[in-house]
>>> print(open('final.txt').read())   # compact mmCIF, C-alpha atoms and all ligand atoms
# COMPACT_ATOMS: atom_id res chain seq x y z
CA MET T 1 13.94 -8.02 1.02
CA GLY T 2 11.95 -5.01 -0.19
CA ASP T 3 12.99 -2.83 -3.13
CA ILE T 4 15.97 -0.64 -2.34
CA GLN T 5 15.25 3.05 -2.62
CA MET T 6 17.25 6.23 -2.15
CA VAL T 7 14.65 7.26 0.45
CA ASP T 8 11.86 4.99 1.66
CA LEU T 9 9.07 7.43 2.45
CA LEU T 10 6.35 4.79 2.37
CA GLY T 11 8.24 2.44 4.68
CA GLN T 12 8.74 5.22 7.19
CA TYR T 13 5.06 6.16 7.00
CA HIS T 14 3.94 2.58 7.65
CA ASN T 15 5.92 2.51 10.88
CA ILE T 16 4.11 5.58 12.26
CA LYS T 17 0.85 5.27 10.31
CA ASP T 18 -1.61 5.38 13.21
CA GLU T 19 -0.18 8.56 14.66
CA ILE T 20 0.14 10.28 11.29
CA ASP T 21 -3.36 9.33 10.16
CA ALA T 22 -4.86 10.60 13.42
CA ALA T 23 -2.91 13.86 13.20
CA ILE T 24 -4.07 14.50 9.63
CA LEU T 25 -7.68 13.64 10.41
CA ASP T 26 -7.64 16.03 13.38
CA VAL T 27 -6.64 18.90 11.11
CA VAL T 28 -9.26 17.95 8.53
CA GLN T 29 -11.94 17.95 11.20
CA SER T 30 -10.71 21.18 12.79
CA SER T 31 -10.96 23.10 9.49
CA ALA T 32 -8.04 25.27 10.70
CA TYR T 33 -6.11 24.57 7.52
CA ILE T 34 -3.91 27.68 7.45
CA ASN T 35 -1.98 28.96 10.48
CA GLY T 36 -3.98 26.74 12.80
CA PRO T 37 -2.93 25.56 16.26
CA GLU T 38 -0.83 22.76 14.73
CA VAL T 39 1.45 25.30 13.04
CA LYS T 40 1.90 27.22 16.29
CA ALA T 41 2.55 24.03 18.26
CA PHE T 42 5.09 22.80 15.71
CA GLN T 43 6.82 26.17 15.76
CA ALA T 44 7.14 26.08 19.56
CA GLU T 45 8.34 22.47 19.58
CA LEU T 46 10.96 23.13 16.92
CA GLU T 47 12.17 26.23 18.81
CA ALA T 48 12.63 24.08 21.92
CA PHE T 49 14.31 21.27 19.97
CA LEU T 50 16.81 23.60 18.30
CA GLY T 51 17.33 25.92 21.23
CA VAL T 52 16.52 28.95 19.11
CA LYS T 53 14.32 31.92 20.00
CA HIS T 54 12.26 32.14 16.82
CA VAL T 55 11.14 29.65 14.21
CA ILE T 56 9.18 31.17 11.33
CA PRO T 57 7.41 28.47 9.31
CA CYS T 58 7.02 29.05 5.56
CA ALA T 59 6.15 27.24 2.36
CA ASN T 60 9.50 25.66 1.41
CA GLY T 61 13.25 25.91 1.90
CA THR T 62 13.85 28.15 -1.10
CA ASP T 63 11.28 30.62 0.25
CA ALA T 64 12.99 30.47 3.65
CA LEU T 65 16.24 31.60 2.02
CA GLN T 66 14.42 34.28 0.06
CA ILE T 67 12.59 35.61 3.11
CA ALA T 68 15.88 35.73 5.04
CA MET T 69 17.56 37.71 2.23
CA MET T 70 14.55 40.04 1.91
CA SER T 71 14.59 40.78 5.64
CA LEU T 72 18.07 42.30 5.66
CA GLY T 73 17.50 45.50 3.70
CA LEU T 74 20.09 44.74 1.03
CA GLN T 75 20.48 46.87 -2.10
CA PRO T 76 20.66 45.68 -5.72
CA GLY T 77 24.25 44.76 -6.55
CA ASP T 78 25.14 43.86 -2.96
CA GLU T 79 27.29 40.75 -2.89
CA VAL T 80 26.41 37.47 -1.22
CA ILE T 81 29.11 34.82 -0.90
CA THR T 82 27.92 31.24 -1.25
CA PRO T 83 29.47 27.84 -2.07
CA ASN T 84 29.65 26.58 -5.62
CA PHE T 85 29.09 22.89 -4.85
CA THR T 86 25.44 22.69 -3.71
CA PHE T 87 21.81 22.66 -4.77
CA ILE T 88 20.73 25.71 -6.73
CA SER T 89 18.39 27.39 -4.20
CA THR T 90 20.88 29.59 -2.38
CA VAL T 91 22.40 31.16 -5.46
CA GLU T 92 19.03 31.26 -7.22
CA VAL T 93 17.38 33.53 -4.64
CA ILE T 94 20.42 35.81 -4.51
CA ALA T 95 20.19 36.30 -8.29
CA LEU T 96 16.40 36.55 -8.26
CA LEU T 97 16.48 39.43 -5.76
CA GLY T 98 19.02 41.38 -7.81
CA TYR T 99 21.97 40.77 -5.53
CA LYS T 100 25.24 39.46 -6.87
CA PRO T 101 26.13 35.82 -6.13
CA ILE T 102 29.84 35.37 -5.44
CA LEU T 103 30.62 31.69 -5.68
CA VAL T 104 33.45 30.22 -3.67
CA GLU T 105 35.33 26.94 -3.65
CA VAL T 106 34.61 24.13 -1.20
CA ASP T 107 36.79 21.91 0.95
CA PRO T 108 37.50 18.62 -0.84
CA LYS T 109 37.02 16.56 2.33
CA THR T 110 33.91 18.08 3.90
CA PHE T 111 32.35 19.37 0.63
CA ASN T 112 31.53 22.55 2.58
CA MET T 113 32.42 26.17 1.92
CA ASP T 114 36.16 26.87 2.22
CA ALA T 115 36.60 29.66 4.77
CA GLU T 116 39.89 30.82 3.20
CA ALA T 117 38.10 31.23 -0.13
CA VAL T 118 35.42 33.28 1.63
CA ARG T 119 38.05 35.57 3.07
CA LYS T 120 39.54 36.15 -0.38
CA ALA T 121 36.13 36.86 -1.94
CA ILE T 122 35.25 39.75 0.36
CA THR T 123 34.91 43.19 -1.25
CA PRO T 124 33.43 46.50 -0.03
CA LYS T 125 30.11 45.33 -1.54
CA THR T 126 29.91 42.08 0.42
CA LYS T 127 26.89 42.00 2.75
CA VAL T 128 26.16 38.35 3.45
CA ILE T 129 27.97 35.04 3.73
CA ALA T 130 25.57 32.17 2.99
CA PRO T 131 27.13 28.80 3.88
CA VAL T 132 25.31 25.54 3.11
CA HIS T 133 25.62 22.65 5.56
CA LEU T 134 25.95 20.07 2.83
CA PHE T 135 24.89 16.41 3.10
CA GLY T 136 24.42 16.63 6.88
CA GLN T 137 27.56 18.27 8.27
CA CYS T 138 27.95 21.87 9.38
CA ALA T 139 30.25 24.18 7.45
CA ASP T 140 33.32 25.69 9.13
CA MET T 141 31.23 28.06 11.28
CA GLU T 142 34.06 28.98 13.64
CA GLU T 143 35.95 30.65 10.78
CA ILE T 144 32.92 31.88 8.84
CA LEU T 145 31.49 33.65 11.88
CA ALA T 146 34.89 35.16 12.68
CA ILE T 147 35.19 36.53 9.13
CA ALA T 148 31.63 37.88 9.32
CA LYS T 149 32.36 39.61 12.59
CA GLU T 150 35.57 41.12 11.29
CA HIS T 151 33.81 42.59 8.23
CA ASP T 152 30.41 43.25 9.82
CA LEU T 153 28.50 40.86 7.56
CA TYR T 154 25.28 38.91 7.93
CA VAL T 155 25.38 35.11 7.81
CA ILE T 156 22.53 32.97 6.50
CA GLU T 157 22.93 29.23 7.03
CA ASP T 158 21.24 26.94 4.52
CA THR T 159 20.44 24.04 6.78
CA ALA T 160 18.04 22.16 4.49
CA GLN T 161 20.30 19.10 4.59
CA ALA T 162 21.45 19.34 8.20
CA ILE T 163 18.52 19.84 10.54
CA SER T 164 19.56 18.68 14.04
CA SER T 165 23.28 18.44 13.23
CA ASP T 166 25.20 20.22 15.91
CA TYR T 167 28.46 22.12 15.90
CA THR T 168 31.03 22.47 18.66
CA PHE T 169 33.03 25.67 18.83
CA ASP T 170 36.64 25.76 20.03
CA ASP T 171 35.50 27.08 23.42
CA GLY T 172 33.28 24.01 23.90
CA ARG T 173 30.00 25.77 23.15
CA LYS T 174 27.56 23.69 21.08
CA ALA T 175 24.83 24.93 18.75
CA MET T 176 22.42 23.38 16.30
CA ALA T 177 22.79 23.95 12.56
CA GLY T 178 20.95 27.09 11.54
CA THR T 179 21.00 28.72 14.98
CA MET T 180 24.53 30.12 14.94
CA SER T 181 24.05 33.18 12.76
CA THR T 182 21.69 35.90 11.53
CA PHE T 183 19.25 33.41 10.02
CA GLY T 184 18.99 29.68 9.41
CA ALA T 185 16.81 28.45 6.57
CA THR T 186 15.55 24.91 6.27
CA SER T 187 13.30 22.70 4.13
CA PHE T 188 10.77 20.03 5.03
CA PHE T 189 10.68 18.59 1.50
CA PRO T 190 9.62 14.93 1.88
CA SER T 191 13.10 13.48 1.40
CA LYS T 192 14.84 15.79 3.87
CA ASN T 193 15.80 14.41 7.28
CA LEU T 194 12.67 15.99 8.73
CA GLY T 195 10.23 15.85 5.83
CA CYS T 196 6.52 16.45 5.50
CA PHE T 197 4.06 15.10 2.92
CA GLY T 198 4.40 17.99 0.51
CA ASP T 199 6.29 21.26 0.65
CA GLY T 200 7.34 23.06 3.81
CA GLY T 201 10.15 25.15 5.23
CA ALA T 202 11.20 27.44 8.06
CA LEU T 203 13.61 30.17 9.07
CA TYR T 204 15.26 30.45 12.44
CA THR T 205 16.72 33.45 14.21
CA ASN T 206 17.61 34.60 17.71
CA ASP T 207 16.99 38.25 16.82
CA ASP T 208 13.53 39.53 17.87
CA GLU T 209 13.43 42.35 15.35
CA LEU T 210 14.56 40.24 12.41
CA ALA T 211 12.02 37.59 13.38
CA GLU T 212 9.25 40.16 13.20
CA THR T 213 10.48 41.42 9.83
CA ALA T 214 10.72 37.88 8.45
CA ARG T 215 7.15 37.10 9.59
CA GLN T 216 6.03 40.28 7.88
CA VAL T 217 7.90 39.51 4.65
CA ALA T 218 6.36 36.01 4.59
CA ASN T 219 2.90 37.49 5.07
CA HIS T 220 2.51 39.98 2.20
CA GLY T 221 4.59 42.63 3.96
CA MET T 222 1.93 43.26 6.59
CA LYS T 223 1.91 43.27 10.38
CA VAL T 224 -1.68 44.51 10.63
CA ARG T 225 -4.06 42.86 8.19
CA TYR T 226 -4.51 44.82 4.93
CA TYR T 227 -1.87 47.42 5.89
CA HIS T 228 1.17 46.58 3.74
CA GLU T 229 4.33 48.35 4.85
CA LYS T 230 6.65 46.63 2.41
CA VAL T 231 6.53 44.33 -0.57
CA GLY T 232 6.47 40.80 0.76
CA ILE T 233 5.53 37.36 -0.45
CA ASN T 234 2.95 34.75 0.49
CA SER T 235 4.68 31.82 2.13
CA ARG T 236 2.96 29.58 4.67
CA LEU T 237 3.29 26.11 6.13
CA ASP T 238 -0.02 24.21 5.88
CA SER T 239 -1.55 22.95 9.14
CA ILE T 240 -1.64 19.37 7.82
CA GLN T 241 2.09 19.50 7.13
CA ALA T 242 2.74 20.94 10.59
CA ALA T 243 0.72 18.11 12.18
CA ILE T 244 2.81 15.53 10.29
CA LEU T 245 6.04 17.30 11.21
CA ARG T 246 5.10 17.23 14.91
CA VAL T 247 4.84 13.44 14.81
CA LYS T 248 8.19 13.12 13.03
CA LEU T 249 10.02 15.73 15.13
CA ARG T 250 9.47 13.49 18.16
CA ARG T 251 11.48 10.82 16.33
CA LEU T 252 14.10 13.03 14.69
CA ASN T 253 16.93 12.02 17.04
CA ASP T 254 16.19 8.34 16.45
CA TYR T 255 16.00 8.94 12.71
CA CYS T 256 19.41 10.61 12.70
CA GLU T 257 20.80 7.77 14.81
CA ALA T 258 19.49 5.25 12.25
CA ARG T 259 21.16 7.18 9.43
CA ARG T 260 24.46 7.31 11.29
CA ALA T 261 24.33 3.57 12.00
CA ALA T 262 23.65 2.89 8.31
CA ALA T 263 26.59 5.13 7.37
CA ASP T 264 28.88 3.22 9.75
CA ARG T 265 27.86 -0.05 8.11
CA TYR T 266 28.63 1.31 4.63
CA ASP T 267 31.98 2.63 5.90
CA ALA T 268 32.93 -0.82 7.15
CA TRP T 269 32.25 -2.43 3.76
CA PHE T 270 34.11 0.23 1.80
CA LYS T 271 37.07 1.02 4.01
CA ASP T 272 39.56 -1.19 2.21
CA ILE T 273 38.50 -0.41 -1.34
CA GLU T 274 41.19 1.91 -2.60
CA GLN T 275 39.05 3.36 -5.41
CA LEU T 276 36.51 4.64 -2.89
CA GLU T 277 36.77 7.46 -0.41
CA THR T 278 34.16 7.19 2.35
CA PRO T 279 32.57 10.34 3.80
CA TYR T 280 34.90 12.38 5.99
CA ARG T 281 33.59 12.97 9.51
CA ASP T 282 34.44 16.46 10.70
CA PRO T 283 35.03 16.16 14.47
CA LYS T 284 33.50 19.63 15.01
CA THR T 285 30.04 18.62 13.79
CA THR T 286 27.74 15.66 14.08
CA HIS T 287 26.93 14.14 10.71
CA THR T 288 23.24 13.46 10.15
CA PHE T 289 23.83 11.85 6.75
CA HIS T 290 21.22 13.50 4.62
CA GLN T 291 23.35 11.85 1.93
CA TYR T 292 25.95 9.12 2.09
CA THR T 293 28.32 10.38 -0.58
CA LEU T 294 31.40 8.51 -1.80
CA LYS T 295 34.18 9.81 -3.99
CA VAL T 296 35.24 7.33 -6.65
CA ASN T 297 38.74 7.46 -8.12
CA GLY T 298 39.76 5.99 -11.43
CA ILE T 299 36.47 4.34 -12.34
CA ASP T 300 33.75 5.38 -14.74
CA ARG T 301 31.19 6.81 -12.36
CA PHE T 302 28.27 6.83 -14.77
CA GLY T 303 29.15 3.25 -15.75
CA LEU T 304 28.99 2.38 -12.06
CA GLN T 305 25.70 4.18 -11.68
CA LYS T 306 24.24 2.28 -14.62
CA HIS T 307 25.48 -1.03 -13.19
CA MET T 308 23.71 -0.24 -9.90
CA MET T 309 20.51 0.73 -11.71
CA ASP T 310 20.67 -2.52 -13.72
CA HIS T 311 20.59 -4.34 -10.37
CA ASN T 312 17.62 -2.25 -9.17
CA ILE T 313 19.77 -0.19 -6.86
CA PRO T 314 19.43 3.56 -7.15
CA ALA T 315 22.56 5.69 -6.89
CA MET T 316 22.50 9.43 -7.48
CA VAL T 317 24.97 12.11 -8.42
CA TYR T 318 24.62 15.19 -6.23
CA TYR T 319 25.66 17.38 -8.03
CA PRO T 320 26.73 16.69 -11.61
CA VAL T 321 27.24 20.31 -12.73
CA PRO T 322 28.85 23.06 -10.65
CA LEU T 323 26.76 26.20 -10.29
CA HIS T 324 29.34 28.35 -12.12
CA LEU T 325 28.86 26.22 -15.24
CA GLN T 326 25.04 26.28 -15.21
CA GLU T 327 23.46 28.01 -18.19
CA ALA T 328 21.30 30.11 -15.87
CA PHE T 329 24.40 31.75 -14.43
CA GLU T 330 26.32 32.35 -17.66
CA ASN T 331 26.06 36.08 -17.03
CA LEU T 332 28.19 35.78 -13.87
CA GLY T 333 31.17 35.37 -16.20
CA TYR T 334 32.77 32.27 -14.69
CA LYS T 335 34.45 29.66 -16.88
CA LYS T 336 35.57 26.04 -16.72
CA GLY T 337 38.72 25.75 -14.64
CA ASP T 338 37.78 28.53 -12.21
CA PHE T 339 36.86 26.07 -9.43
CA PRO T 340 39.07 22.97 -9.66
CA VAL T 341 37.88 21.36 -6.41
CA THR T 342 34.18 21.79 -7.16
CA GLU T 343 34.68 20.65 -10.75
CA SER T 344 36.48 17.48 -9.70
CA LEU T 345 33.89 16.71 -7.01
CA CYS T 346 31.17 16.96 -9.63
CA GLU T 347 33.02 14.25 -11.54
CA GLU T 348 33.75 11.96 -8.58
CA VAL T 349 30.79 11.89 -6.19
CA ILE T 350 28.10 9.28 -5.98
CA SER T 351 25.42 9.01 -3.28
CA LEU T 352 24.01 5.69 -2.13
CA PRO T 353 20.59 4.80 -0.68
CA MET T 354 20.32 6.39 2.77
CA HIS T 355 17.23 6.48 4.92
CA THR T 356 15.80 5.51 8.27
CA GLU T 357 14.35 2.16 7.21
CA LEU T 358 17.44 0.85 5.40
CA THR T 359 18.25 -2.72 6.51
CA THR T 360 21.68 -4.32 6.83
CA GLU T 361 20.61 -6.87 4.23
CA GLN T 362 19.73 -4.13 1.73
CA GLN T 363 22.98 -2.33 2.41
CA GLU T 364 24.96 -5.49 1.90
CA LYS T 365 23.40 -5.82 -1.55
CA VAL T 366 24.27 -2.20 -2.33
CA ALA T 367 27.85 -2.69 -1.15
CA THR T 368 28.50 -6.01 -2.91
CA THR T 369 26.99 -4.76 -6.17
CA LEU T 370 29.18 -1.67 -6.04
CA ILE T 371 32.34 -3.56 -5.10
CA ASP T 372 31.68 -6.13 -7.87
CA TYR T 373 31.74 -3.37 -10.46
CA ILE T 374 34.96 -1.92 -9.13
CA LYS T 375 36.69 -5.32 -9.10
CA LYS T 376 35.64 -5.95 -12.72
CA HIS T 377 36.67 -2.51 -13.95
CA SER T 378 40.02 -1.82 -12.37
C1 LIG Q 401 16.29 20.97 -0.56
C2 LIG Q 401 17.22 22.10 -0.50
C3 LIG Q 401 16.78 23.43 -0.61
C4 LIG Q 401 15.40 23.82 -1.04
O1 LIG Q 401 14.35 23.34 -0.35
P1 LIG Q 401 12.89 23.36 -1.01
O2 LIG Q 401 12.01 23.10 0.14
O3 LIG Q 401 12.86 22.29 -2.04
O4 LIG Q 401 12.68 24.71 -1.61
C5 LIG Q 401 17.70 24.45 -0.41
N1 LIG Q 401 18.98 24.19 -0.16
C6 LIG Q 401 19.46 22.92 -0.06
C7 LIG Q 401 20.90 22.72 0.24
C8 LIG Q 401 18.60 21.85 -0.25
O5 LIG Q 401 19.08 20.60 -0.16
>>> encode(input="final.txt", output="structure tokens")
Amino acid sequence: MGDIQMVDLLGQYHNIKDEIDAAILDVVQSSAYINGPEVKAFQAELEAFLGVKHVIPCANGTDALQIAMMSLGLQPGDEVITPNFTFISTVEVIALLGYKPILVEVDPKTFNMDAEAVRKAITPKTKVIAPVHLFGQCADMEEILAIAKEHDLYVIEDTAQAISSDYTFDDGRKAMAGTMSTFGATSFFPSKNLGCFGDGGALYTNDDELAETARQVANHGMKVRYYHEKVGINSRLDSIQAAILRVKLRRLNDYCEARRAAADRYDAWFKDIEQLETPYRDPKTTHTFHQYTLKVNGIDRFGLQKHMMDHNIPAMVYYPVPLHLQEAFENLGYKKGDFPVTESLCEEVISLPMHTELTTEQQEKVATTLIDYIKKHS
């Protein structure tokens, strides 16, 4: 049995090595390193896969969020509502651009933005709702889109952890994560469900005009070379990364299937352990298990994490500190106790190894090691 890892990037590479190596070598020999045919082909293939009109490749997921925000013509002080329990990117770009992040509570079962909390957070200054599809499941888009429509707001979906998850609306309509709103923003960071061999990202939109603006923002604010109509940034996906992503996109459905099967196996081992709460499956969205995240009750989580590490099993805490208690956001004026659900999640969650090459044997070792600790410490 090989070493157990949170994500086995090397194992996945070995299984598709010939195709990846050939794709990289092609780019090297073409010398079209920036915006070459591979980038355009990947863009078209991802558009078809997602069923979205425009994919705009860029340098990483954080840039994708930033480009989306910069394309909407917001003013300093405009408010953007975003969940508290997530990675920092979403709130970071809001603050960086001079807009005001308004953090909201999440649902304790899905970990995603609580639509009721969004409704309460709306003020005359609100311009955008920015949900994050955390750990692989879509946020409550039915409600979020209804609120946005009611108040004439933009919606930017952070879909870095949920590429290819789909969402079913009450009327039966289905849509892929990131394609339901003004913009979707995703990341191809190596450990994401569709990851490249470095940094990469993309925005999605169905709006022709916004797509053009986003392309312009990502390209130094110019449509015609050396004529800069607005202040933009420089954010590109390398051709080598696009070539790698094309190979992996062809397998993305199988990869998500493998993750779901691994999640089902974990669920079966943990279902009768009362100190563990297995991941909730929201019937409105497919779960693509970017993370397999348990809630632990009544046991010392960091003690458990150390026990796993001592047995060469990684286990990670995503996320240990809520955004409202991060030093960087002290100026927002939040305090401990403001977000009870988020604060308790930050104390209870633990994520286990989850990737496409995970074997049943490896998972059994993860599960028995974890259950051993619980039996000894309760
Ligand atoms: C990974 C991630 C990002 C940022 O992606 P980068 O490519 O690392 O910039 C943004 N939001 C979420 C929820 C993420 O998980």
>>> closest_residue(input="final.txt", among="T:Tyr334, T:Tyr255, T:Phe85, T:Phe183", to="ligand LIG 401 (chain Q)", atoms="only C-alpha atoms and all ligand atoms")
T:Phe85
>>> residues_near_point(input="final.txt", point="(32.9, 1.3, 2.7)", cutoff="12 Å", atoms="only C-alpha atoms", output="PyMOL selection string")
chain T and resi 262-280+292-296+352+363-364+366-368+370-371
>>> write_last_selection(input="final.txt", atoms="C-alpha atoms", output="compact mmCIF listing (two decimals), keeping the file's coordinate frame")
# COMPACT_ATOMS: atom_id res chain seq x y z
CA ALA T 262 23.65 2.89 8.31
CA ALA T 263 26.59 5.13 7.37
CA ASP T 264 28.88 3.22 9.75
CA ARG T 265 27.86 -0.05 8.11
CA TYR T 266 28.63 1.31 4.63
CA ASP T 267 31.98 2.63 5.90
CA ALA T 268 32.93 -0.82 7.15
CA TRP T 269 32.25 -2.43 3.76
CA PHE T 270 34.11 0.23 1.80
CA LYS T 271 37.07 1.02 4.01
CA ASP T 272 39.56 -1.19 2.21
CA ILE T 273 38.50 -0.41 -1.34
CA GLU T 274 41.19 1.91 -2.60
CA GLN T 275 39.05 3.36 -5.41
CA LEU T 276 36.51 4.64 -2.89
CA GLU T 277 36.77 7.46 -0.41
CA THR T 278 34.16 7.19 2.35
CA PRO T 279 32.57 10.34 3.80
CA TYR T 280 34.90 12.38 5.99
CA TYR T 292 25.95 9.12 2.09
CA THR T 293 28.32 10.38 -0.58
CA LEU T 294 31.40 8.51 -1.80
CA LYS T 295 34.18 9.81 -3.99
CA VAL T 296 35.24 7.33 -6.65
CA LEU T 352 24.01 5.69 -2.13
CA GLN T 363 22.98 -2.33 2.41
CA GLU T 364 24.96 -5.49 1.90
CA VAL T 366 24.27 -2.20 -2.33
CA ALA T 367 27.85 -2.69 -1.15
CA THR T 368 28.50 -6.01 -2.91
CA LEU T 370 29.18 -1.67 -6.04
CA ILE T 371 32.34 -3.56 -5.10
>>> closest_residue(input="final.txt", among="T:Ile16, T:Met1, T:Ile67, T:Val52", to="ligand LIG 401 (chain Q)", atoms="all atoms listed in the file")
T:Ile67
>>> residues_near_ligand(input="final.txt", ligand="ligand LIG 401 (chain Q)", cutoff="9 Å", atoms="only C-alpha atoms and all ligand atoms", output="PyMOL selection string")
chain T and resi 59-65+86-90+132-135+158-162+185-192+199-201+290
>>> write_last_selection(input="final.txt", atoms="C-alpha atoms", output="PDB file, in the coordinates of the input")
ATOM      1  CA  ALA T  59       6.150  27.240   2.360  1.00  0.00           C
ATOM      2  CA  ASN T  60       9.500  25.660   1.410  1.00  0.00           C
ATOM      3  CA  GLY T  61      13.250  25.910   1.900  1.00  0.00           C
ATOM      4  CA  THR T  62      13.850  28.150  -1.100  1.00  0.00           C
ATOM      5  CA  ASP T  63      11.280  30.620   0.250  1.00  0.00           C
ATOM      6  CA  ALA T  64      12.990  30.470   3.650  1.00  0.00           C
ATOM      7  CA  LEU T  65      16.240  31.600   2.020  1.00  0.00           C
ATOM      8  CA  THR T  86      25.440  22.690  -3.710  1.00  0.00           C
ATOM      9  CA  PHE T  87      21.810  22.660  -4.770  1.00  0.00           C
ATOM     10  CA  ILE T  88      20.730  25.710  -6.730  1.00  0.00           C
ATOM     11  CA  SER T  89      18.390  27.390  -4.200  1.00  0.00           C
ATOM     12  CA  THR T  90      20.880  29.590  -2.380  1.00  0.00           C
ATOM     13  CA  VAL T 132      25.310  25.540   3.110  1.00  0.00           C
ATOM     14  CA  HIS T 133      25.620  22.650   5.560  1.00  0.00           C
ATOM     15  CA  LEU T 134      25.950  20.070   2.830  1.00  0.00           C
ATOM     16  CA  PHE T 135      24.890  16.410   3.100  1.00  0.00           C
ATOM     17  CA  ASP T 158      21.240  26.940   4.520  1.00  0.00           C
ATOM     18  CA  THR T 159      20.440  24.040   6.780  1.00  0.00           C
ATOM     19  CA  ALA T 160      18.040  22.160   4.490  1.00  0.00           C
ATOM     20  CA  GLN T 161      20.300  19.100   4.590  1.00  0.00           C
ATOM     21  CA  ALA T 162      21.450  19.340   8.200  1.00  0.00           C
ATOM     22  CA  ALA T 185      16.810  28.450   6.570  1.00  0.00           C
ATOM     23  CA  THR T 186      15.550  24.910   6.270  1.00  0.00           C
ATOM     24  CA  SER T 187      13.300  22.700   4.130  1.00  0.00           C
ATOM     25  CA  PHE T 188      10.770  20.030   5.030  1.00  0.00           C
ATOM     26  CA  PHE T 189      10.680  18.590   1.500  1.00  0.00           C
ATOM     27  CA  PRO T 190       9.620  14.930   1.880  1.00  0.00           C
ATOM     28  CA  SER T 191      13.100  13.480   1.400  1.00  0.00           C
ATOM     29  CA  LYS T 192      14.840  15.790   3.870  1.00  0.00           C
ATOM     30  CA  ASP T 199       6.290  21.260   0.650  1.00  0.00           C
ATOM     31  CA  GLY T 200       7.340  23.060   3.810  1.00  0.00           C
ATOM     32  CA  GLY T 201      10.150  25.150   5.230  1.00  0.00           C
ATOM     33  CA  HIS T 290      21.220  13.500   4.620  1.00  0.00           C
TER      34      HIS T 290
END
>>> closest_residue(input="final.txt", among="T:Thr213, T:Thr110, T:Ser235, T:Gln362", to="Gly73 of chain T", atoms="all atoms listed in the file")
T:Thr213
>>> atom_distance(input="final.txt", atom1="atom CA of Val106 of chain T", atom2="atom CA of Glu343 of chain T")
10.2 Å
>>> atom_distance(input="final.txt", atom1="atom CA of Tyr13 of chain T", atom2="atom CA of Glu157 of chain T")
29.2 Å
>>> closest_residue(input="final.txt", among="T:Gly337, T:Pro37, T:Gly184, T:Gly136", to="Ser165 of chain T", atoms="all atoms listed in the file")
T:Gly136
>>> atom_distance(input="final.txt", atom1="atom CA of Lys306 of chain T", atom2="atom CA of Ile350 of chain T")
11.8 Å
>>> closest_residue(input="final.txt", among="T:Lys376, T:Phe111, T:Gly172, T:Lys40", to="Ser344 of chain T", atoms="only C-alpha atoms")
T:Phe111
